[in-house]
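Have a look at upload.txt below; it lists compact mmCIF, C-alpha atoms.
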```
# COMPACT_ATOMS: atom_id res chain seq x y z
CA MET A 28 91.85 127.81 99.34
CA LYS A 29 92.97 127.96 95.76
CA VAL A 30 91.80 125.33 93.35
CA LEU A 31 94.03 124.80 90.37
CA VAL A 32 91.72 123.22 87.86
CA ALA A 33 93.88 124.38 85.00
CA CYS A 34 96.91 122.39 86.05
CA MET A 35 95.04 119.20 86.79
CA CYS A 36 95.34 118.00 83.21
CA ALA A 37 99.10 117.95 83.33
CA ILE A 38 99.19 116.25 86.69
CA THR A 39 96.62 113.55 86.19
CA ILE A 40 97.15 112.43 82.60
CA GLY A 41 98.06 108.80 82.73
CA LEU A 42 96.64 108.25 86.19
CA ALA A 43 93.41 106.79 84.88
CA SER A 44 94.86 103.31 84.90
CA THR A 45 96.29 103.50 88.39
CA ALA A 46 94.63 101.47 91.05
CA SER A 47 92.18 102.83 93.53
CA ALA A 48 93.35 102.81 97.11
CA HIS A 49 91.38 101.74 100.11
CA HIS A 50 92.45 104.83 102.03
CA SER A 51 94.88 107.68 101.72
CA LEU A 52 98.34 107.71 103.24
CA ALA A 53 97.66 110.86 105.23
CA LEU A 54 97.86 108.78 108.39
CA PHE A 55 101.47 107.86 107.78
CA GLU A 56 104.79 109.65 107.99
CA THR A 57 105.67 109.20 104.32
CA SER A 58 108.69 111.48 104.21
CA ALA A 59 110.84 109.12 106.26
CA PRO A 60 110.39 105.35 105.87
CA VAL A 61 111.69 103.31 108.80
CA LYS A 62 113.11 99.81 109.11
CA LEU A 63 111.95 97.34 111.75
CA GLN A 64 113.68 94.08 112.59
CA GLY A 65 111.62 91.31 114.09
CA VAL A 66 109.87 88.00 113.65
CA VAL A 67 106.66 87.50 111.67
CA LYS A 68 103.88 86.37 113.98
CA ARG A 69 101.01 86.14 111.51
CA VAL A 70 100.13 86.98 107.91
CA ASP A 71 96.50 87.56 106.90
CA TRP A 72 96.22 87.00 103.15
CA ARG A 73 93.06 88.98 102.65
CA SER A 74 91.91 92.39 101.45
CA PRO A 75 91.77 95.35 101.37
CA HIS A 76 95.24 94.76 102.82
CA THR A 77 97.38 91.74 103.33
CA LEU A 78 98.39 92.22 106.97
CA ILE A 79 101.73 91.28 108.48
CA PHE A 80 101.96 91.20 112.26
CA LEU A 81 105.58 91.64 113.33
CA GLU A 82 107.05 91.17 116.79
CA THR A 83 110.00 93.38 117.62
CA LYS A 84 111.98 93.36 120.84
CA ASP A 85 113.83 96.03 122.77
CA ALA A 86 114.83 96.65 126.38
CA ASN A 87 111.18 97.06 127.34
CA GLY A 88 110.19 93.69 125.92
CA PRO A 89 108.27 92.57 122.84
CA THR A 90 106.05 94.84 120.76
CA GLU A 91 103.60 93.78 118.07
CA TRP A 92 103.33 95.89 114.92
CA ARG A 93 100.41 95.86 112.54
CA VAL A 94 101.72 96.39 109.01
CA GLU A 95 99.38 96.86 106.05
CA THR A 96 100.26 96.19 102.48
CA VAL A 97 98.25 95.90 99.28
CA PRO A 98 95.45 93.38 98.59
CA ASN A 99 96.41 89.71 98.38
CA SER A 100 95.87 89.51 94.61
CA TRP A 101 98.23 92.42 93.94
CA LEU A 102 101.05 90.75 95.84
CA ILE A 103 100.50 87.49 93.96
CA ASN A 104 99.52 88.69 90.47
CA ARG A 105 101.54 91.92 90.28
CA ALA A 106 104.60 91.34 92.46
CA GLY A 107 105.18 87.60 92.26
CA TRP A 108 104.69 86.85 95.94
CA THR A 109 103.50 83.44 97.12
CA ILE A 110 102.14 82.51 100.53
CA ASP A 111 105.64 81.25 101.29
CA SER A 112 107.26 84.64 100.65
CA VAL A 113 106.58 85.74 104.22
CA LYS A 114 105.56 83.18 106.82
CA PRO A 115 105.03 83.11 110.57
CA GLY A 116 108.36 82.58 112.31
CA ASP A 117 110.43 84.28 109.59
CA PRO A 118 113.04 86.73 110.88
CA VAL A 119 112.68 89.79 108.65
CA THR A 120 113.36 93.47 108.25
CA LEU A 121 110.34 95.49 107.16
CA GLU A 122 110.69 98.88 105.51
CA LEU A 123 107.51 100.87 106.04
CA TYR A 124 105.79 104.17 106.58
CA VAL A 125 104.75 104.39 110.22
CA TYR A 126 101.65 105.93 111.73
CA THR A 127 102.24 109.48 112.89
CA ASP A 128 101.25 108.68 116.47
CA ALA A 129 104.13 106.59 117.78
CA THR A 130 102.00 105.09 120.55
CA ILE A 131 100.15 103.02 117.94
CA LYS A 132 102.38 100.44 116.28
CA TYR A 133 100.93 100.61 112.80
CA GLY A 134 102.49 101.06 109.39
CA PHE A 135 102.25 100.64 105.63
CA LEU A 136 104.70 98.22 104.02
CA LEU A 137 107.19 99.19 101.34
CA ARG A 138 109.27 96.00 101.28
CA VAL A 139 110.24 92.90 103.18
CA ILE A 140 113.93 91.97 103.48
CA LYS A 141 114.38 88.33 104.41
CA ALA A 142 117.26 86.99 106.50
CA ASP A 143 118.91 85.61 103.35
CA GLY A 144 118.78 89.03 101.69
CA LYS A 145 115.82 88.26 99.42
CA VAL A 146 113.65 91.35 98.99
CA TRP A 147 109.88 91.29 98.41
CA ASN A 148 108.63 94.65 97.23
CA SER A 149 105.10 95.87 97.63
CA PRO A 150 103.58 96.84 94.25
CA LEU A 151 102.74 100.37 95.07
CA ASP A 152 100.67 102.64 92.99
CA ILE A 153 99.64 103.81 96.40
CA GLY A 154 103.32 104.20 97.22
CA ARG A 155 103.82 106.57 94.35
CA ARG A 156 100.87 108.48 95.68
CA GLY A 157 102.61 108.55 99.03
CA GLN A 158 105.71 109.96 97.40
CA ARG A 159 103.62 112.68 95.78
CA GLU A 160 102.08 113.49 99.13
CA ALA A 161 105.51 113.64 100.73
CA ALA A 162 106.78 115.93 97.98
CA GLU A 163 103.84 118.24 98.55
CA ARG A 164 104.57 118.43 102.24
CA ALA A 165 108.23 119.13 101.60
CA GLN A 166 107.37 122.24 99.56
CA MET B 7 95.22 79.00 106.41
CA LYS B 8 92.10 80.85 105.29
CA TRP B 9 93.73 82.04 102.08
CA THR B 10 94.68 78.52 101.10
CA GLY B 11 91.12 77.39 101.70
CA SER B 12 89.79 80.24 99.63
CA VAL B 13 92.10 79.40 96.75
CA LEU B 14 91.06 75.76 96.85
CA LEU B 15 87.43 76.81 96.83
CA THR B 16 88.08 79.11 93.90
CA VAL B 17 89.88 76.39 91.95
CA MET B 18 86.95 74.06 92.56
CA LEU B 19 84.45 76.74 91.57
CA ALA B 20 86.47 77.63 88.49
CA GLY B 21 86.60 73.99 87.53
CA ALA B 22 82.87 73.69 88.00
CA CYS B 23 82.31 76.79 85.89
CA LEU B 24 84.55 75.50 83.13
CA THR B 25 82.84 72.13 83.15
CA SER B 26 79.32 73.46 83.15
CA GLY B 27 80.35 76.32 80.90
CA VAL B 28 80.88 73.96 77.99
CA GLN B 29 77.11 73.83 77.66
CA ALA B 30 76.20 77.17 79.18
CA GLN B 31 78.74 79.29 77.36
CA ALA B 32 77.92 78.24 73.80
CA PRO B 33 77.62 81.45 71.78
CA ALA B 34 74.07 82.19 70.68
CA ALA B 35 75.01 82.63 67.04
CA ALA B 36 77.98 81.92 64.80
CA SER B 37 78.90 85.62 64.74
CA THR B 38 78.85 85.93 68.51
CA PRO B 39 82.39 86.35 69.87
CA ASN B 40 83.51 83.97 72.57
CA LEU B 41 84.56 86.18 75.47
CA ALA B 42 84.47 83.51 78.16
CA GLY B 43 87.52 83.04 80.32
CA ILE B 44 89.64 84.49 83.10
CA TRP B 45 91.31 87.69 81.98
CA ASN B 46 94.62 88.92 83.33
CA ARG B 47 95.04 92.68 83.38
CA LYS B 48 97.69 93.72 80.85
CA GLY B 49 97.74 97.41 79.93
CA PRO B 50 96.45 100.15 77.65
CA ILE B 51 95.80 99.12 74.05
CA PRO B 52 99.00 99.80 72.08
CA GLY B 53 98.82 102.61 69.57
CA ARG B 54 95.92 104.35 71.26
CA PRO B 55 96.07 107.76 72.93
CA PRO B 56 96.85 107.48 76.66
CA ASN B 57 93.98 107.21 79.08
CA VAL B 58 93.13 110.46 80.82
CA SER B 59 91.91 110.58 84.40
CA PRO B 60 88.24 111.46 84.93
CA VAL B 61 89.49 114.01 87.46
CA THR B 62 90.49 116.21 84.53
CA LEU B 63 86.93 116.14 83.23
CA ALA B 64 85.17 116.92 86.50
CA ARG B 65 82.80 119.84 86.79
CA ALA B 66 83.27 122.39 89.57
CA ARG B 67 80.53 120.79 91.68
CA ALA B 68 82.38 117.48 91.55
CA ILE B 69 85.62 119.12 92.68
CA GLY B 70 83.73 120.92 95.41
CA PHE B 71 82.31 117.61 96.57
CA SER B 72 85.77 116.08 96.54
CA LEU B 73 87.26 118.87 98.62
CA ALA B 74 84.45 118.72 101.16
CA PHE B 75 84.27 114.95 101.45
CA ASP B 76 85.36 113.48 104.76
CA GLU B 77 87.34 110.30 104.20
CA VAL B 78 85.72 108.74 107.27
CA LEU B 79 82.51 108.48 105.24
CA LEU B 80 84.06 106.23 102.58
CA PRO B 81 81.81 103.19 102.05
CA SER B 82 84.89 101.06 101.43
CA TYR B 83 85.61 101.19 105.18
CA ASP B 84 82.65 98.81 105.48
CA CYS B 85 83.74 96.62 102.54
CA SER B 86 81.23 98.31 100.23
CA PRO B 87 82.50 97.79 96.65
CA VAL B 88 83.25 100.41 94.02
CA SER B 89 81.07 100.68 90.93
CA ILE B 90 81.86 100.89 87.22
CA PRO B 91 83.77 102.46 85.56
CA VAL B 92 86.17 102.50 88.55
CA ILE B 93 86.23 98.72 88.77
CA LEU B 94 87.10 98.50 85.06
CA ASN B 95 90.16 100.69 85.58
CA ASP B 96 91.51 98.93 88.63
CA ASN B 97 94.44 96.61 89.01
CA TYR B 98 92.62 93.27 89.19
CA ASN B 99 91.69 90.32 86.99
CA PHE B 100 88.17 89.25 86.11
CA GLN B 101 86.20 86.38 84.61
CA ILE B 102 83.49 86.31 81.97
CA THR B 103 80.99 83.48 81.89
CA GLN B 104 78.97 83.56 78.69
CA MET B 105 75.47 82.11 78.46
CA ALA B 106 72.82 82.19 75.79
CA ASP B 107 70.79 84.99 77.37
CA ARG B 108 73.25 86.71 79.73
CA LEU B 109 76.90 87.12 80.67
CA ILE B 110 78.30 87.03 84.19
CA PHE B 111 81.29 89.26 84.98
CA ARG B 112 83.07 88.23 88.16
CA TYR B 113 85.83 90.55 89.42
CA GLU B 114 88.68 89.92 91.82
CA LYS B 115 88.12 93.46 93.02
CA GLU B 116 85.79 93.24 95.99
CA ASP B 117 84.36 89.94 94.67
CA VAL B 118 81.90 91.93 92.55
CA VAL B 119 79.55 89.96 90.28
CA ARG B 120 77.69 91.73 87.47
CA THR B 121 74.97 90.27 85.26
CA ILE B 122 74.74 91.54 81.68
CA TRP B 123 71.24 90.88 80.39
CA LEU B 124 71.31 90.24 76.65
CA GLU B 125 68.63 91.97 74.63
CA GLY B 126 65.99 89.90 72.86
CA HIS B 127 65.40 87.41 75.64
CA GLY B 128 62.49 89.05 77.42
CA HIS B 129 64.44 90.29 80.43
CA PRO B 130 62.42 93.00 82.20
CA ASP B 131 63.74 96.55 82.45
CA PRO B 132 64.29 97.89 85.98
CA GLY B 133 61.45 99.71 87.63
CA VAL B 134 61.42 103.45 88.22
CA TYR B 135 62.69 103.05 91.79
CA GLU B 136 65.33 100.41 91.03
CA PHE B 137 68.76 102.01 91.37
CA THR B 138 71.76 99.93 92.45
CA LEU B 139 75.50 100.33 92.99
CA HIS B 140 76.37 98.52 89.75
CA GLY B 141 73.30 99.64 87.84
CA HIS B 142 71.33 97.68 85.28
CA SER B 143 73.41 96.32 82.38
CA LYS B 144 71.90 95.45 79.01
CA GLY B 145 74.08 93.81 76.37
CA ARG B 146 74.02 93.07 72.64
CA PHE B 147 76.46 91.73 70.06
CA GLU B 148 77.35 94.17 67.34
CA ASN B 149 80.08 93.77 64.69
CA ASN B 150 81.68 90.92 66.64
CA GLN B 151 81.77 93.05 69.79
CA LEU B 152 79.83 92.85 73.02
CA VAL B 153 78.24 96.21 73.71
CA ILE B 154 77.01 96.86 77.26
CA GLU B 155 75.02 99.86 78.35
CA THR B 156 74.56 100.38 82.07
CA THR B 157 72.28 102.89 83.77
CA LYS B 158 70.24 103.15 87.00
CA PHE B 159 73.19 103.70 89.33
CA VAL B 160 72.81 105.04 92.85
CA PHE B 161 74.84 108.11 93.78
CA ASP B 162 78.39 106.97 94.52
CA PRO B 163 80.85 109.24 96.39
CA ARG B 164 83.75 107.83 94.35
CA GLY B 165 81.85 106.75 91.28
CA PHE B 166 84.53 108.13 88.95
CA HIS B 167 87.71 108.34 90.98
CA ASP B 168 89.01 107.48 94.42
CA SER B 169 89.84 111.14 95.03
CA TYR B 170 86.09 111.35 95.73
CA ILE B 171 84.95 112.38 92.27
CA PRO B 172 81.36 111.14 92.61
CA SER B 173 78.89 109.83 90.08
CA SER B 174 75.21 110.72 90.00
CA THR B 175 72.06 108.76 89.20
CA GLN B 176 72.50 110.08 85.63
CA LYS B 177 75.67 108.08 85.04
CA LYS B 178 75.63 105.93 81.90
CA VAL B 179 78.52 103.61 81.05
CA THR B 180 78.92 102.01 77.62
CA GLU B 181 81.48 99.21 77.32
CA ARG B 182 82.61 97.50 74.12
CA TYR B 183 84.56 94.22 74.36
CA TRP B 184 86.16 92.24 71.57
CA ARG B 185 88.67 89.42 71.14
CA GLU B 186 91.97 89.58 69.27
CA GLY B 187 93.50 86.14 69.69
CA ASN B 188 94.21 85.60 73.36
CA LEU B 189 93.62 89.27 74.10
CA LEU B 190 90.41 90.82 75.31
CA ARG B 191 90.15 94.50 74.50
CA MET B 192 87.71 97.05 75.83
CA GLU B 193 86.74 100.64 75.29
CA SER B 194 84.36 102.33 77.69
CA VAL B 195 82.61 105.68 77.55
CA SER B 196 81.16 107.06 80.77
CA GLU B 197 78.72 109.93 80.68
CA ASP B 198 77.34 111.92 83.58
CA PRO B 199 76.25 115.43 82.63
CA LEU B 200 75.96 116.47 86.28
CA ILE B 201 79.53 115.47 87.10
CA LEU B 202 81.63 115.46 83.92
CA ARG B 203 82.14 118.22 81.38
CA GLU B 204 82.55 115.61 78.65
CA PRO B 205 82.48 111.81 78.48
CA PHE B 206 85.28 109.88 80.14
CA ARG B 207 86.82 107.39 77.72
CA TYR B 208 88.95 104.48 78.81
CA GLN B 209 90.58 101.63 76.88
CA PHE B 210 92.43 98.60 78.14
CA GLU B 211 93.36 95.03 77.30
CA TRP B 212 93.63 91.76 79.19
CA GLU B 213 95.19 88.43 78.25
CA LEU B 214 93.68 85.00 78.71
CA SER B 215 94.83 83.42 81.97
CA LYS B 216 94.89 79.87 83.28
CA ASN B 217 95.15 81.03 86.88
CA PRO B 218 92.00 81.16 89.00
CA LEU B 219 90.73 84.43 90.36
CA ILE B 220 92.03 85.24 93.81
CA PRO B 221 89.15 86.03 96.18
CA PHE B 222 89.27 89.58 97.55
CA ASP B 223 87.91 88.23 100.82
CA CYS B 224 87.33 91.63 102.43
CA ASN B 225 88.15 91.65 106.13
CA PRO B 226 85.76 94.08 107.88
CA GLU B 227 88.10 94.60 110.83
CA ASP B 228 90.98 95.49 108.54
CA SER B 229 88.76 97.52 106.24
CA GLY B 230 87.55 99.76 109.06
CA PHE B 231 90.81 100.03 111.00
CA ALA B 232 92.13 103.24 109.42
CA ARG B 233 88.73 104.92 109.74
CA LYS B 234 89.06 104.85 113.53
CA LEU B 235 92.33 106.75 113.25
CA PHE B 236 90.94 109.30 110.79
CA GLU B 237 88.24 110.13 113.33
CA THR B 238 90.79 111.83 115.53
CA LYS B 239 90.66 115.61 115.52
CA LYS B 240 94.05 115.89 113.89
CA TYR B 241 92.77 114.46 110.60
CA GLN B 242 89.64 116.60 110.59
CA ASP B 243 91.80 119.70 110.15
CA PRO B 244 90.81 121.19 106.77
CA ASP B 245 94.33 122.51 106.34
CA LEU B 246 95.45 118.90 105.95
CA ILE B 247 93.37 118.44 102.83
CA HIS B 248 96.49 118.97 100.73
CA LEU B 249 97.76 115.62 101.97
CA ARG B 250 95.10 113.75 100.04
CA LEU B 251 94.30 116.15 97.24
CA PRO B 252 97.61 117.79 96.35
CA GLN B 253 96.58 118.15 92.71
CA TYR B 254 93.86 120.65 93.61
CA VAL B 255 95.53 122.82 96.15
CA ALA B 256 98.19 125.48 95.81
CA ASN B 257 100.10 126.89 98.76
CA PRO B 258 98.09 125.04 101.42
```

Could I get this file's structure written as structure tokens?
Amino acid sequence: MKVLVACMCAITIGLASTASAHHSLALFETSAPVKLQGVVKRVDWRSPHTLIFLETKDANGPTEWRVETVPNSWLINRAGWTIDSVKPGDPVTLELYVYTDATIKYGFLLRVIKADGKVWNSPLDIGRRGQREAAERAQ
Amino acid sequence: MKWTGSVLLTVMLAGACLTSGVQAQAPAAASTPNLAGIWNRKGPIPGRPPNVSPVTLARARAIGFSLAFDEVLLPSYDCSPVSIPVILNDNYNFQITQMADRLIFRYEKEDVVRTIWLEGHGHPDPGVYEFTLHGHSKGRFENNQLVIETTKFVFDPRGFHDSYIPSSTQKKVTERYWREGNLLRMESVSEDPLILREPFRYQFEWELSKNPLIPFDCNPEDSGFARKLFETKKYQDPDLIHLRLPQYVANP
């Protein structure tokens, strides 16, 4: 395995102020975000992730998705969310990276699109990292 | 809702701190800067060179550690906090409570609380066996700045960066804080001769905030959830290392 120490300077300058992530995005399919339509069942405003539990329905019946986003304080301090931005009972479309094993309904949130068209973005340093990871895989 | 309860508790605690802080936070001398308050993360100090990631300063053994490290072992999967300087660089607010003989730094990030023991008040030094995640912090006021020197850290697998650049028990972090109006500015220098080829310097500024800190409120079930998935054989494949460390690996 080749280690490119020499090129690290160019790649990582400026990254010192980016946030640390709780875990990598290697679990998720970051090259192709998906959209899910459903109803919010529960929102856990905690950390290391604010969790949104979404119920979707298809011909086989309801399915509950576990969707991670960033810590509660990032949503509120960095992206302007309030606890009313996404509430239980809200019909929403979530754009997310999904877990690579489709049998587990688990994903990482990119944005919430409300029924009235209002969009709540996730403040993603970790998202940019996901894009870098996706670009690496595409090479 | 738990979050609402936590916020109410924080507001009450913040109010209590502010009330009691009128007496407790009186600067020890006229030249002592008043650093007390809740500080909202703003950005790098204008006009300064950009911050450089500690990854660029890592010695070969640190990169080797990073490449070999299994993400499943991350302490954060059990809600174990990060140490300084990582917590200084992260995207959270913090609060300083200033007392005559010590300062208390309370961070949103992982609800970490640090005590800075001011010199000249008879505080004992740590014993030879006393190493901790956040180390032992001694502070002094110098030229209207608070200078903090912290040593006695335990080994930390991501003590310098969340790409698993570790820090050793030889880590020493020096922080300098000063006020410019409603801004709090900081420069830190982190040294670790076993891990870094040269000191890691970082500078940042925060602005005074009226909003209470938001509790991190780590959820152990959530924190450990991804670990269970990383334990599958698929994610133990060393060829997948390029997914998390693309900056190190060519032609994976």

For Glu193 (chain B): contacts at 6 Å, all atoms listed in the file, fewer than 2 positions along chain excluded, given as a PyMOL selection string: chain B and resi 181-182+208-209

Find the spatial neighbours of Leu123 (chain A), counting all atoms listed in the file, within a cut-off of 7 Å - ignore same-chain residues fewer than 5 positions away - and output them as a list of chain:residue names.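 My list of contacting residues is A:Pro60, A:Val61, A:Lys62, A:Gly134, A:Phe135, A:Leu136, A:Leu137.
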
A:Val97, A:Ala142, A:Leu63, A:Leu121: which is nearest chain B, counting all atoms listed in the file?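 Looking only at the distances to chain B, the closest residue turns out to be A:Val97.
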
Near Arg108 (chain B), within 9 Å and counting only C-alpha atoms, which residues show up once chain neighbours fewer than 5 positions away are dropped, as a ChimeraX atom specification? /B:103,121-125,127,144-145

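All residues of protein, DNA or RNA that reach within 10 Å of Phe100 (chain B), judged by only C-alpha atoms and not counting those fewer than 5 positions away in the chain, are Gly43, Ile44, Trp45, Asn46, Arg47, Leu94, Phe111, Arg112, Tyr113, Glu114, Lys115, Asp117, Val118, Val119, Trp212, Ser215, Pro218, Leu219 and Ile220 of chain B.
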
The selected residues should be written to file as a compact mmCIF listing (two decimals), in the coordinates of the input (atoms: C-alpha atoms).
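What follows is the written file out_21.txt:
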```txt
# COMPACT_ATOMS: atom_id res chain seq x y z
CA GLY B 43 87.52 83.04 80.32
CA ILE B 44 89.64 84.49 83.10
CA TRP B 45 91.31 87.69 81.98
CA ASN B 46 94.62 88.92 83.33
CA ARG B 47 95.04 92.68 83.38
CA LEU B 94 87.10 98.50 85.06
CA PHE B 111 81.29 89.26 84.98
CA ARG B 112 83.07 88.23 88.16
CA TYR B 113 85.83 90.55 89.42
CA GLU B 114 88.68 89.92 91.82
CA LYS B 115 88.12 93.46 93.02
CA ASP B 117 84.36 89.94 94.67
CA VAL B 118 81.90 91.93 92.55
CA VAL B 119 79.55 89.96 90.28
CA TRP B 212 93.63 91.76 79.19
CA SER B 215 94.83 83.42 81.97
CA PRO B 218 92.00 81.16 89.00
CA LEU B 219 90.73 84.43 90.36
CA ILE B 220 92.03 85.24 93.81
```

8 Å contact set for Phe222 (chain B), only C-alpha atoms, chain neighbours under 4 positions out, as JSON, numbers by chain: {"A": [73, 74, 75, 98, 99, 100], "B": [114, 115, 116, 117]}

Write the selection just made, keeping C-alpha atoms, as an mmCIF file, in the frame of the given file?
```cif
data_model
loop_
_atom_site.group_PDB
_atom_site.id
_atom_site.type_symbol
_atom_site.label_atom_id
_atom_site.label_comp_id
_atom_site.auth_asym_id
_atom_site.auth_seq_id
_atom_site.Cartn_x
_atom_site.Cartn_y
_atom_site.Cartn_z
ATOM 1 C CA ARG A 73 93.060 88.980 102.650
ATOM 2 C CA SER A 74 91.910 92.390 101.450
ATOM 3 C CA PRO A 75 91.770 95.350 101.370
ATOM 4 C CA PRO A 98 95.450 93.380 98.590
ATOM 5 C CA ASN A 99 96.410 89.710 98.380
ATOM 6 C CA SER A 100 95.870 89.510 94.610
ATOM 7 C CA GLU B 114 88.680 89.920 91.820
ATOM 8 C CA LYS B 115 88.120 93.460 93.020
ATOM 9 C CA GLU B 116 85.790 93.240 95.990
ATOM 10 C CA ASP B 117 84.360 89.940 94.670
#
```

Up to 8 Å from (96.5, 107.2, 107.9) in the file's coordinates: name the residues, counting only C-alpha atoms, as a count of residues only. 11

Between CA of Ile131 (chain A) and CA of Leu73 (chain B), what is the distance, to one decimal in Å?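 Separation of CA of Ile131 (chain A) and CA of Leu73 (chain B): 28.1 Å.
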
So how far away is CA of Ala68 (chain B) from CA of Phe159 (chain B), in Å? 16.7 Å

Can you report as JSON the centre and edge lengths in Å, to one decimal, of an axis-aligned box around the listed atoms of region 148-160 of chain B padded with 4 Å on each side?
```
{"center_x": 76.0, "center_y": 98.0, "center_z": 78.8, "size_x": 19.5, "size_y": 22.1, "size_z": 36.2}
```

What does the distance from CA of Phe206 (chain B) to CA of Val88 (chain B) come to in Å, to one decimal?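 Value for the CA of Phe206 (chain B)-CA of Val88 (chain B) distance: 16.9 Å.
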
With distances taken over all atoms listed in the file, the candidate from B:Ile51, B:Ala42, B:Ala74, B:Val195 nearest Phe210 (chain B) is B:Ile51
